[in-house]
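J.: Next up, work.csv (CSV, N, CA, C and O atoms).
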```csv
chain,number,residue,atom,x,y,z
A,1,MET,N,-60.9,-7.6,-47.8
A,1,MET,CA,-61.7,-6.4,-47.3
A,1,MET,C,-62.2,-6.7,-45.9
A,1,MET,O,-62.7,-7.7,-45.6
A,2,ASP,N,-61.9,-5.7,-45.0
A,2,ASP,CA,-62.4,-5.8,-43.6
A,2,ASP,C,-63.9,-5.5,-43.6
A,2,ASP,O,-64.4,-4.6,-44.2
A,3,ARG,N,-64.6,-6.3,-42.8
A,3,ARG,CA,-66.0,-6.1,-42.6
A,3,ARG,C,-66.1,-5.2,-41.3
A,3,ARG,O,-65.4,-5.3,-40.4
A,4,ASP,N,-67.2,-4.3,-41.4
A,4,ASP,CA,-67.5,-3.5,-40.2
A,4,ASP,C,-68.3,-4.4,-39.2
A,4,ASP,O,-69.3,-5.0,-39.6
A,5,PHE,N,-67.8,-4.4,-38.0
A,5,PHE,CA,-68.5,-5.2,-36.9
A,5,PHE,C,-69.1,-4.2,-35.9
A,5,PHE,O,-68.6,-3.1,-35.7
A,6,ILE,N,-70.2,-4.7,-35.4
A,6,ILE,CA,-71.0,-3.9,-34.4
A,6,ILE,C,-71.1,-4.8,-33.2
A,6,ILE,O,-71.5,-6.0,-33.3
A,7,GLU,N,-70.7,-4.3,-32.0
A,7,GLU,CA,-70.9,-5.1,-30.8
A,7,GLU,C,-72.3,-4.9,-30.3
A,7,GLU,O,-72.7,-3.7,-30.0
A,8,VAL,N,-73.0,-5.9,-30.1
A,8,VAL,CA,-74.4,-5.8,-29.7
A,8,VAL,C,-74.6,-6.5,-28.3
A,8,VAL,O,-74.3,-7.7,-28.2
A,9,GLN,N,-75.0,-5.7,-27.3
A,9,GLN,CA,-75.3,-6.3,-26.0
A,9,GLN,C,-76.7,-6.9,-26.1
A,9,GLN,O,-77.6,-6.3,-26.6
A,10,LEU,N,-76.8,-8.1,-25.6
A,10,LEU,CA,-78.0,-8.9,-25.6
A,10,LEU,C,-78.3,-9.4,-24.2
A,10,LEU,O,-77.5,-10.0,-23.6
A,11,THR,N,-79.6,-9.3,-23.9
A,11,THR,CA,-80.1,-9.9,-22.6
A,11,THR,C,-80.2,-11.4,-22.8
A,11,THR,O,-80.3,-11.9,-24.0
A,12,PRO,N,-80.4,-12.2,-21.7
A,12,PRO,CA,-80.6,-13.6,-21.9
A,12,PRO,C,-81.9,-13.9,-22.8
A,12,PRO,O,-81.9,-14.8,-23.6
A,13,GLU,N,-82.9,-13.2,-22.5
A,13,GLU,CA,-84.1,-13.4,-23.3
A,13,GLU,C,-83.9,-13.1,-24.8
A,13,GLU,O,-84.4,-13.8,-25.7
A,14,GLU,N,-83.2,-12.0,-25.1
A,14,GLU,CA,-82.9,-11.7,-26.5
A,14,GLU,C,-82.1,-12.7,-27.2
A,14,GLU,O,-82.4,-13.1,-28.3
A,15,ARG,N,-81.1,-13.3,-26.5
A,15,ARG,CA,-80.3,-14.3,-27.0
A,15,ARG,C,-81.1,-15.6,-27.3
A,15,ARG,O,-80.9,-16.2,-28.4
A,16,SER,N,-82.0,-15.9,-26.4
A,16,SER,CA,-82.9,-17.0,-26.6
A,16,SER,C,-83.8,-16.8,-27.8
A,16,SER,O,-84.0,-17.7,-28.6
A,17,LEU,N,-84.4,-15.6,-27.9
A,17,LEU,CA,-85.2,-15.3,-29.1
A,17,LEU,C,-84.5,-15.5,-30.4
A,17,LEU,O,-85.0,-16.0,-31.4
A,18,ILE,N,-83.3,-15.0,-30.4
A,18,ILE,CA,-82.5,-15.1,-31.7
A,18,ILE,C,-82.2,-16.5,-32.0
A,18,ILE,O,-82.3,-16.9,-33.2
A,19,LEU,N,-81.8,-17.3,-31.0
A,19,LEU,CA,-81.5,-18.7,-31.3
A,19,LEU,C,-82.8,-19.5,-31.8
A,19,LEU,O,-82.7,-20.4,-32.6
A,20,ARG,N,-84.0,-19.2,-31.2
A,20,ARG,CA,-85.2,-19.9,-31.6
A,20,ARG,C,-85.8,-19.3,-32.9
A,20,ARG,O,-86.5,-20.1,-33.6
A,21,HIS,N,-85.7,-18.0,-33.1
A,21,HIS,CA,-86.5,-17.4,-34.2
A,21,HIS,C,-85.6,-16.7,-35.3
A,21,HIS,O,-86.2,-16.2,-36.2
A,22,GLY,N,-84.3,-16.6,-35.1
A,22,GLY,CA,-83.5,-15.8,-35.9
A,22,GLY,C,-82.7,-16.5,-37.0
A,22,GLY,O,-82.2,-15.9,-37.9
A,23,TYR,N,-82.4,-17.8,-36.8
A,23,TYR,CA,-81.6,-18.5,-37.7
A,23,TYR,C,-80.3,-17.9,-38.0
A,23,TYR,O,-80.0,-17.5,-39.1
A,24,PRO,N,-79.5,-17.6,-36.9
A,24,PRO,CA,-78.3,-16.8,-37.1
A,24,PRO,C,-77.2,-17.6,-37.8
A,24,PRO,O,-77.2,-18.8,-37.9
A,25,PHE,N,-76.3,-16.9,-38.4
A,25,PHE,CA,-75.1,-17.5,-39.0
A,25,PHE,C,-74.3,-18.3,-38.0
A,25,PHE,O,-74.4,-18.0,-36.8
A,26,GLU,N,-73.6,-19.2,-38.4
A,26,GLU,CA,-72.9,-20.2,-37.6
A,26,GLU,C,-72.0,-19.4,-36.5
A,26,GLU,O,-72.0,-19.8,-35.3
A,27,ARG,N,-71.3,-18.4,-36.9
A,27,ARG,CA,-70.4,-17.7,-36.0
A,27,ARG,C,-71.2,-17.1,-34.8
A,27,ARG,O,-70.9,-17.1,-33.7
A,28,ILE,N,-72.4,-16.4,-35.2
A,28,ILE,CA,-73.2,-15.8,-34.2
A,28,ILE,C,-73.9,-16.9,-33.3
A,28,ILE,O,-73.9,-16.7,-32.1
A,29,GLU,N,-74.3,-17.9,-33.9
A,29,GLU,CA,-74.9,-19.0,-33.1
A,29,GLU,C,-74.0,-19.6,-32.1
A,29,GLU,O,-74.3,-19.8,-31.0
A,30,ARG,N,-72.7,-19.8,-32.6
A,30,ARG,CA,-71.7,-20.3,-31.6
A,30,ARG,C,-71.4,-19.3,-30.5
A,30,ARG,O,-71.4,-19.7,-29.3
A,31,ALA,N,-71.4,-18.0,-30.8
A,31,ALA,CA,-71.2,-17.0,-29.8
A,31,ALA,C,-72.3,-17.0,-28.8
A,31,ALA,O,-72.1,-16.9,-27.6
A,32,LEU,N,-73.5,-17.1,-29.3
A,32,LEU,CA,-74.7,-17.1,-28.4
A,32,LEU,C,-74.7,-18.4,-27.5
A,32,LEU,O,-75.1,-18.3,-26.4
A,33,LYS,N,-74.4,-19.5,-28.1
A,33,LYS,CA,-74.4,-20.7,-27.3
A,33,LYS,C,-73.3,-20.7,-26.3
A,33,LYS,O,-73.4,-21.3,-25.2
A,34,ASN,N,-72.2,-20.0,-26.5
A,34,ASN,CA,-71.1,-19.9,-25.6
A,34,ASN,C,-71.5,-19.2,-24.3
A,34,ASN,O,-70.9,-19.4,-23.3
A,35,VAL,N,-72.5,-18.3,-24.4
A,35,VAL,CA,-72.9,-17.5,-23.3
A,35,VAL,C,-74.4,-17.9,-22.9
A,35,VAL,O,-75.0,-17.2,-22.1
A,36,GLU,N,-74.9,-19.0,-23.4
A,36,GLU,CA,-76.3,-19.4,-23.2
A,36,GLU,C,-76.6,-19.5,-21.7
A,36,GLU,O,-77.7,-19.2,-21.3
A,37,SER,N,-75.7,-20.0,-20.9
A,37,SER,CA,-76.0,-20.2,-19.5
A,37,SER,C,-75.9,-18.9,-18.7
A,37,SER,O,-76.3,-18.8,-17.5
A,38,SER,N,-75.4,-17.9,-19.3
A,38,SER,CA,-75.2,-16.6,-18.6
A,38,SER,C,-76.6,-15.9,-18.3
A,38,SER,O,-77.4,-15.9,-19.2
A,39,ARG,N,-76.8,-15.4,-17.2
A,39,ARG,CA,-78.0,-14.7,-16.8
A,39,ARG,C,-77.8,-13.1,-17.0
A,39,ARG,O,-78.7,-12.4,-16.7
A,40,GLY,N,-76.6,-12.8,-17.4
A,40,GLY,CA,-76.3,-11.3,-17.6
A,40,GLY,C,-76.4,-10.9,-19.0
A,40,GLY,O,-76.7,-11.7,-19.9
A,41,ILE,N,-76.1,-9.6,-19.2
A,41,ILE,CA,-76.0,-9.1,-20.5
A,41,ILE,C,-74.7,-9.4,-21.1
A,41,ILE,O,-73.7,-9.3,-20.5
A,42,GLU,N,-74.7,-9.9,-22.3
A,42,GLU,CA,-73.4,-10.3,-23.0
A,42,GLU,C,-73.3,-9.6,-24.3
A,42,GLU,O,-74.3,-9.2,-25.0
A,43,VAL,N,-72.1,-9.4,-24.7
A,43,VAL,CA,-71.8,-8.7,-26.0
A,43,VAL,C,-71.5,-9.7,-27.1
A,43,VAL,O,-70.7,-10.6,-26.9
A,44,VAL,N,-72.2,-9.6,-28.2
A,44,VAL,CA,-72.0,-10.5,-29.3
A,44,VAL,C,-71.7,-9.6,-30.5
A,44,VAL,O,-72.5,-8.8,-31.0
A,45,PRO,N,-70.4,-9.7,-31.1
A,45,PRO,CA,-70.1,-9.0,-32.3
A,45,PRO,C,-70.7,-9.5,-33.5
A,45,PRO,O,-70.8,-10.8,-33.7
A,46,MET,N,-71.2,-8.7,-34.4
A,46,MET,CA,-71.9,-9.1,-35.6
A,46,MET,C,-71.4,-8.2,-36.7
A,46,MET,O,-71.3,-7.0,-36.5
A,47,ASP,N,-71.1,-8.7,-37.9
A,47,ASP,CA,-70.8,-7.9,-39.0
A,47,ASP,C,-72.1,-7.4,-39.6
A,47,ASP,O,-73.1,-7.9,-39.3
A,48,LEU,N,-72.0,-6.4,-40.4
A,48,LEU,CA,-73.2,-5.7,-41.0
A,48,LEU,C,-74.0,-6.7,-41.8
A,48,LEU,O,-75.3,-6.7,-41.7
A,49,LEU,N,-73.4,-7.6,-42.5
A,49,LEU,CA,-74.1,-8.6,-43.3
A,49,LEU,C,-74.9,-9.5,-42.4
A,49,LEU,O,-76.1,-9.8,-42.6
A,50,GLU,N,-74.2,-10.0,-41.4
A,50,GLU,CA,-74.9,-10.9,-40.4
A,50,GLU,C,-76.1,-10.2,-39.7
A,50,GLU,O,-77.1,-10.8,-39.6
A,51,LEU,N,-75.8,-9.0,-39.3
A,51,LEU,CA,-76.9,-8.3,-38.6
A,51,LEU,C,-78.1,-8.0,-39.5
A,51,LEU,O,-79.2,-8.2,-39.1
A,52,GLU,N,-77.8,-7.6,-40.8
A,52,GLU,CA,-78.9,-7.4,-41.7
A,52,GLU,C,-79.7,-8.7,-41.9
A,52,GLU,O,-80.9,-8.7,-42.0
A,53,ARG,N,-79.0,-9.8,-42.1
A,53,ARG,CA,-79.7,-11.1,-42.4
A,53,ARG,C,-80.5,-11.5,-41.1
A,53,ARG,O,-81.6,-12.0,-41.2
A,54,LEU,N,-79.9,-11.3,-39.9
A,54,LEU,CA,-80.6,-11.7,-38.7
A,54,LEU,C,-81.9,-10.9,-38.6
A,54,LEU,O,-82.9,-11.4,-38.2
A,55,ILE,N,-81.8,-9.6,-38.8
A,55,ILE,CA,-83.0,-8.8,-38.8
A,55,ILE,C,-84.1,-9.3,-39.7
A,55,ILE,O,-85.3,-9.4,-39.4
A,56,GLY,N,-83.7,-9.6,-40.9
A,56,GLY,CA,-84.6,-10.2,-41.9
A,56,GLY,C,-85.2,-11.5,-41.5
A,56,GLY,O,-86.5,-11.7,-41.7
A,57,ASP,N,-84.4,-12.3,-40.9
A,57,ASP,CA,-85.0,-13.6,-40.4
A,57,ASP,C,-86.0,-13.4,-39.3
A,57,ASP,O,-87.0,-14.1,-39.2
A,58,LEU,N,-85.6,-12.5,-38.4
A,58,LEU,CA,-86.6,-12.3,-37.3
A,58,LEU,C,-87.9,-11.7,-37.8
A,58,LEU,O,-88.9,-12.1,-37.3
A,59,CYS,N,-87.8,-10.8,-38.7
A,59,CYS,CA,-89.0,-10.2,-39.3
A,59,CYS,C,-89.8,-11.2,-40.0
A,59,CYS,O,-91.1,-11.2,-39.9
A,60,SER,N,-89.2,-12.2,-40.7
A,60,SER,CA,-89.9,-13.3,-41.3
A,60,SER,C,-90.6,-14.1,-40.3
A,60,SER,O,-91.8,-14.5,-40.5
A,61,SER,N,-90.0,-14.4,-39.2
A,61,SER,CA,-90.6,-15.1,-38.1
A,61,SER,C,-91.8,-14.4,-37.5
A,61,SER,O,-92.9,-15.0,-37.3
A,62,ILE,N,-91.7,-13.1,-37.4
A,62,ILE,CA,-92.8,-12.2,-36.9
A,62,ILE,C,-94.0,-12.3,-37.8
A,62,ILE,O,-95.1,-12.4,-37.4
A,63,ASN,N,-93.7,-12.2,-39.1
A,63,ASN,CA,-94.8,-12.2,-40.1
A,63,ASN,C,-95.5,-13.6,-40.1
A,63,ASN,O,-96.7,-13.6,-40.6
A,64,ASP,N,-94.9,-14.6,-39.7
A,64,ASP,CA,-95.5,-16.0,-39.7
A,64,ASP,C,-96.3,-16.2,-38.4
A,64,ASP,O,-96.9,-17.3,-38.3
A,65,MET,N,-96.4,-15.3,-37.5
A,65,MET,CA,-97.0,-15.4,-36.2
A,65,MET,C,-98.4,-14.7,-36.2
A,65,MET,O,-98.5,-13.7,-36.9
A,66,ASN,N,-99.2,-15.1,-35.3
A,66,ASN,CA,-100.4,-14.3,-34.9
A,66,ASN,C,-100.0,-13.3,-33.9
A,66,ASN,O,-98.9,-13.5,-33.2
A,67,GLU,N,-100.7,-12.3,-33.7
A,67,GLU,CA,-100.4,-11.3,-32.7
A,67,GLU,C,-100.3,-11.9,-31.3
A,67,GLU,O,-101.0,-12.8,-31.0
A,68,GLY,N,-99.4,-11.4,-30.5
A,68,GLY,CA,-99.3,-11.9,-29.2
A,68,GLY,C,-98.0,-11.4,-28.5
A,68,GLY,O,-97.3,-10.6,-29.1
A,69,ALA,N,-97.8,-11.9,-27.3
A,69,ALA,CA,-96.7,-11.4,-26.5
A,69,ALA,C,-95.3,-11.7,-27.2
A,69,ALA,O,-94.4,-10.9,-27.2
A,70,LEU,N,-95.2,-12.9,-27.7
A,70,LEU,CA,-93.9,-13.3,-28.4
A,70,LEU,C,-93.7,-12.4,-29.6
A,70,LEU,O,-92.6,-12.0,-29.8
A,71,GLN,N,-94.7,-12.2,-30.4
A,71,GLN,CA,-94.5,-11.3,-31.5
A,71,GLN,C,-94.1,-9.9,-31.1
A,71,GLN,O,-93.2,-9.4,-31.7
A,72,ASN,N,-94.6,-9.4,-30.0
A,72,ASN,CA,-94.3,-8.1,-29.5
A,72,ASN,C,-92.8,-8.1,-29.1
A,72,ASN,O,-92.1,-7.1,-29.3
A,73,LYS,N,-92.4,-9.1,-28.4
A,73,LYS,CA,-91.0,-9.2,-28.0
A,73,LYS,C,-90.0,-9.2,-29.2
A,73,LYS,O,-89.0,-8.6,-29.2
A,74,LEU,N,-90.4,-10.0,-30.2
A,74,LEU,CA,-89.6,-10.0,-31.4
A,74,LEU,C,-89.5,-8.7,-32.1
A,74,LEU,O,-88.5,-8.3,-32.7
A,75,LEU,N,-90.7,-8.0,-32.1
A,75,LEU,CA,-90.7,-6.7,-32.7
A,75,LEU,C,-89.8,-5.7,-32.0
A,75,LEU,O,-89.0,-4.9,-32.7
A,76,GLU,N,-89.8,-5.7,-30.7
A,76,GLU,CA,-88.9,-4.9,-29.9
A,76,GLU,C,-87.4,-5.2,-30.2
A,76,GLU,O,-86.6,-4.3,-30.3
A,77,LEU,N,-87.1,-6.5,-30.3
A,77,LEU,CA,-85.8,-6.9,-30.6
A,77,LEU,C,-85.3,-6.4,-32.0
A,77,LEU,O,-84.2,-5.9,-32.1
A,78,CYS,N,-86.2,-6.6,-32.9
A,78,CYS,CA,-85.9,-6.1,-34.3
A,78,CYS,C,-85.7,-4.6,-34.3
A,78,CYS,O,-84.8,-4.1,-35.0
A,79,ASP,N,-86.5,-3.9,-33.6
A,79,ASP,CA,-86.3,-2.4,-33.5
A,79,ASP,C,-85.0,-2.1,-33.0
A,79,ASP,O,-84.3,-1.2,-33.5
A,80,ARG,N,-84.6,-2.8,-31.9
A,80,ARG,CA,-83.3,-2.5,-31.3
A,80,ARG,C,-82.1,-2.9,-32.2
A,80,ARG,O,-81.1,-2.1,-32.4
A,81,LEU,N,-82.2,-4.0,-32.9
A,81,LEU,CA,-81.2,-4.4,-33.9
A,81,LEU,C,-81.1,-3.5,-35.1
A,81,LEU,O,-80.0,-3.2,-35.5
A,82,GLU,N,-82.3,-3.0,-35.5
A,82,GLU,CA,-82.3,-2.0,-36.6
A,82,GLU,C,-81.6,-0.7,-36.2
A,82,GLU,O,-80.9,-0.1,-37.0
A,83,ALA,N,-81.8,-0.3,-35.0
A,83,ALA,CA,-81.2,0.9,-34.5
A,83,ALA,C,-79.7,0.7,-34.4
A,83,ALA,O,-78.9,1.6,-34.7
A,84,ALA,N,-79.2,-0.5,-33.9
A,84,ALA,CA,-77.8,-0.8,-33.9
A,84,ALA,C,-77.2,-0.7,-35.3
A,84,ALA,O,-76.1,-0.2,-35.4
A,85,GLU,N,-77.9,-1.3,-36.2
A,85,GLU,CA,-77.4,-1.3,-37.6
A,85,GLU,C,-77.3,0.2,-38.1
A,85,GLU,O,-76.3,0.6,-38.7
A,86,LYS,N,-78.3,1.0,-37.9
A,86,LYS,CA,-78.4,2.3,-38.4
A,86,LYS,C,-77.3,3.2,-37.8
A,86,LYS,O,-76.6,4.0,-38.4
A,87,TYR,N,-77.2,3.1,-36.4
A,87,TYR,CA,-76.3,4.0,-35.7
A,87,TYR,C,-74.9,3.4,-35.4
A,87,TYR,O,-74.0,4.1,-34.8
A,88,GLY,N,-74.7,2.1,-35.7
A,88,GLY,CA,-73.4,1.5,-35.4
A,88,GLY,C,-73.2,1.3,-33.9
A,88,GLY,O,-72.0,1.2,-33.5
A,89,ASP,N,-74.2,1.3,-33.1
A,89,ASP,CA,-74.1,1.1,-31.6
A,89,ASP,C,-75.1,0.1,-31.1
A,89,ASP,O,-76.3,0.4,-31.2
A,90,GLY,N,-74.7,-1.0,-30.6
A,90,GLY,CA,-75.5,-2.0,-30.1
A,90,GLY,C,-75.6,-2.1,-28.6
A,90,GLY,O,-76.0,-3.1,-28.1
A,91,MET,N,-75.1,-1.1,-27.9
A,91,MET,CA,-75.1,-1.1,-26.5
A,91,MET,C,-76.4,-0.7,-25.9
A,91,MET,O,-77.1,0.1,-26.4
A,92,LEU,N,-76.8,-1.4,-24.9
A,92,LEU,CA,-78.0,-1.1,-24.1
A,92,LEU,C,-77.7,0.1,-23.2
A,92,LEU,O,-76.7,0.1,-22.6
A,93,GLU,N,-78.6,1.0,-23.2
A,93,GLU,CA,-78.4,2.2,-22.4
A,93,GLU,C,-79.3,2.1,-21.1
A,93,GLU,O,-80.4,1.6,-21.2
A,94,GLY,N,-78.7,2.4,-20.0
A,94,GLY,CA,-79.5,2.5,-18.8
A,94,GLY,C,-79.6,1.1,-18.1
A,94,GLY,O,-80.3,1.0,-17.1
A,95,LEU,N,-78.9,0.1,-18.6
A,95,LEU,CA,-79.0,-1.2,-17.9
A,95,LEU,C,-77.7,-1.5,-17.2
A,95,LEU,O,-76.6,-1.2,-17.6
```
For the file at hand, write its structure as structure tokens.
T.:
Amino acid sequence: MDRDFIEVQLTPEERSLILRHGYPFERIERALKNVESSRGIEVVPMDLLELERLIGDLCSSINDMNEGALQNKLLELCDRLEAAEKYGDGMLEGL
């Protein structure tokens, strides 16, 4: 069975947040580390299962934190990933 993939554009900060707080599947982690030195926006393909799990892991990390700037950044990232999951479009608009 083919899995549905979503291409998600990620900023350097978002990629770093995912690596530190998202506990991504090995394939995503490898893709993120391959572009770790990039200062630009990079596309990381994720299947729906991986994306759903990543969102859950980020939400778990958020729930373990006290309020603050890092928590707000993770909330924004989760909102964007949830929109990508819902609409099947992970592209950043206007950047």
J.: What does the distance from CA of Gln71 in chain A to CA of Arg53 in chain A come to in Å, to one decimal?
T.: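 Distance between the two atoms: 18.4 Å.
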J.: Using only C-alpha atoms, what table do you get, as JSON lines, when you list each residue of range 6-33 of chain A with an atom no more than 12 Å from range 72-87 of chain A, its nearest pair of atoms, and their distance in Å rounded to one decimal, rows by chain then rising number?
T.:
```
{"residue": "A:Ile6", "atom": "CA", "partner": "A:Ala84", "partner_atom": "CA", "distance": 7.5}
{"residue": "A:Glu7", "atom": "CA", "partner": "A:Ala84", "partner_atom": "CA", "distance": 8.7}
{"residue": "A:Val8", "atom": "CA", "partner": "A:Ala84", "partner_atom": "CA", "distance": 7.4}
{"residue": "A:Gln9", "atom": "CA", "partner": "A:Ala84", "partner_atom": "CA", "distance": 9.9}
{"residue": "A:Leu10", "atom": "CA", "partner": "A:Leu77", "partner_atom": "CA", "distance": 9.5}
{"residue": "A:Thr11", "atom": "CA", "partner": "A:Leu77", "partner_atom": "CA", "distance": 10.3}
{"residue": "A:Glu13", "atom": "CA", "partner": "A:Lys73", "partner_atom": "CA", "distance": 9.3}
{"residue": "A:Glu14", "atom": "CA", "partner": "A:Leu77", "partner_atom": "CA", "distance": 6.9}
{"residue": "A:Arg15", "atom": "CA", "partner": "A:Leu77", "partner_atom": "CA", "distance": 9.9}
{"residue": "A:Ser16", "atom": "CA", "partner": "A:Leu74", "partner_atom": "CA", "distance": 10.8}
{"residue": "A:Leu17", "atom": "CA", "partner": "A:Leu74", "partner_atom": "CA", "distance": 7.3}
{"residue": "A:Ile18", "atom": "CA", "partner": "A:Leu74", "partner_atom": "CA", "distance": 8.7}
{"residue": "A:Leu19", "atom": "CA", "partner": "A:Leu74", "partner_atom": "CA", "distance": 11.9}
{"residue": "A:Arg20", "atom": "CA", "partner": "A:Leu74", "partner_atom": "CA", "distance": 10.8}
{"residue": "A:His21", "atom": "CA", "partner": "A:Leu74", "partner_atom": "CA", "distance": 8.5}
{"residue": "A:Gly22", "atom": "CA", "partner": "A:Leu74", "partner_atom": "CA", "distance": 9.5}
```
J.: Find the residues with any atom within 8 Å of (-72.1, -6.2, -40.5); use only C-alpha atoms and the coordinates as given in the file, and write the answer as a list in words.
T.: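 Taken together, the residues in range are Arg3, Asp4, Phe5, Ile6, Met46, Asp47, Leu48, Leu49, Glu50, Leu51, Glu52 and Glu85 of chain A.
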J.: Would you compute the distance between CA of Ala69 in chain A and CA of Arg27 in chain A? Give it in Å to one decimal.
T.: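 Atom-to-atom, CA of Ala69 in chain A to CA of Arg27 in chain A, that is 28.7 Å.
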J.: Run DSSP on the backbone and give me the residues of range 11-50 of chain A it puts in strand (DSSP E), as a PDB file with N, CA, C and O atoms, in the frame of the given file.
T.:
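To be explicit, this is the file written out as result27.pdb:
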```pdb
ATOM      1  N   GLU A  42     -74.700  -9.900 -22.300  1.00  0.00           N
ATOM      2  CA  GLU A  42     -73.400 -10.300 -23.000  1.00  0.00           C
ATOM      3  C   GLU A  42     -73.300  -9.600 -24.300  1.00  0.00           C
ATOM      4  O   GLU A  42     -74.300  -9.200 -25.000  1.00  0.00           O
ATOM      5  N   VAL A  43     -72.100  -9.400 -24.700  1.00  0.00           N
ATOM      6  CA  VAL A  43     -71.800  -8.700 -26.000  1.00  0.00           C
ATOM      7  C   VAL A  43     -71.500  -9.700 -27.100  1.00  0.00           C
ATOM      8  O   VAL A  43     -70.700 -10.600 -26.900  1.00  0.00           O
ATOM      9  N   VAL A  44     -72.200  -9.600 -28.200  1.00  0.00           N
ATOM     10  CA  VAL A  44     -72.000 -10.500 -29.300  1.00  0.00           C
ATOM     11  C   VAL A  44     -71.700  -9.600 -30.500  1.00  0.00           C
ATOM     12  O   VAL A  44     -72.500  -8.800 -31.000  1.00  0.00           O
ATOM     13  N   PRO A  45     -70.400  -9.700 -31.100  1.00  0.00           N
ATOM     14  CA  PRO A  45     -70.100  -9.000 -32.300  1.00  0.00           C
ATOM     15  C   PRO A  45     -70.700  -9.500 -33.500  1.00  0.00           C
ATOM     16  O   PRO A  45     -70.800 -10.800 -33.700  1.00  0.00           O
ATOM     17  N   MET A  46     -71.200  -8.700 -34.400  1.00  0.00           N
ATOM     18  CA  MET A  46     -71.900  -9.100 -35.600  1.00  0.00           C
ATOM     19  C   MET A  46     -71.400  -8.200 -36.700  1.00  0.00           C
ATOM     20  O   MET A  46     -71.300  -7.000 -36.500  1.00  0.00           O
ATOM     21  N   ASP A  47     -71.100  -8.700 -37.900  1.00  0.00           N
ATOM     22  CA  ASP A  47     -70.800  -7.900 -39.000  1.00  0.00           C
ATOM     23  C   ASP A  47     -72.100  -7.400 -39.600  1.00  0.00           C
ATOM     24  O   ASP A  47     -73.100  -7.900 -39.300  1.00  0.00           O
TER      25      ASP A  47
END
```
J.: What's the separation between atom C of Tyr23 in chain A and atom C of Asp57 in chain A, in Å to one decimal place?
T.: 7.4 Å
J.: Nearest to Gly90 in chain A among A:Val44, A:Met65, A:Leu70, A:Ile28, with distances taken over only N, CA, C and O atoms: which residue is it?
T.: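 Closest to Gly90 in chain A of all the choices is A:Val44.
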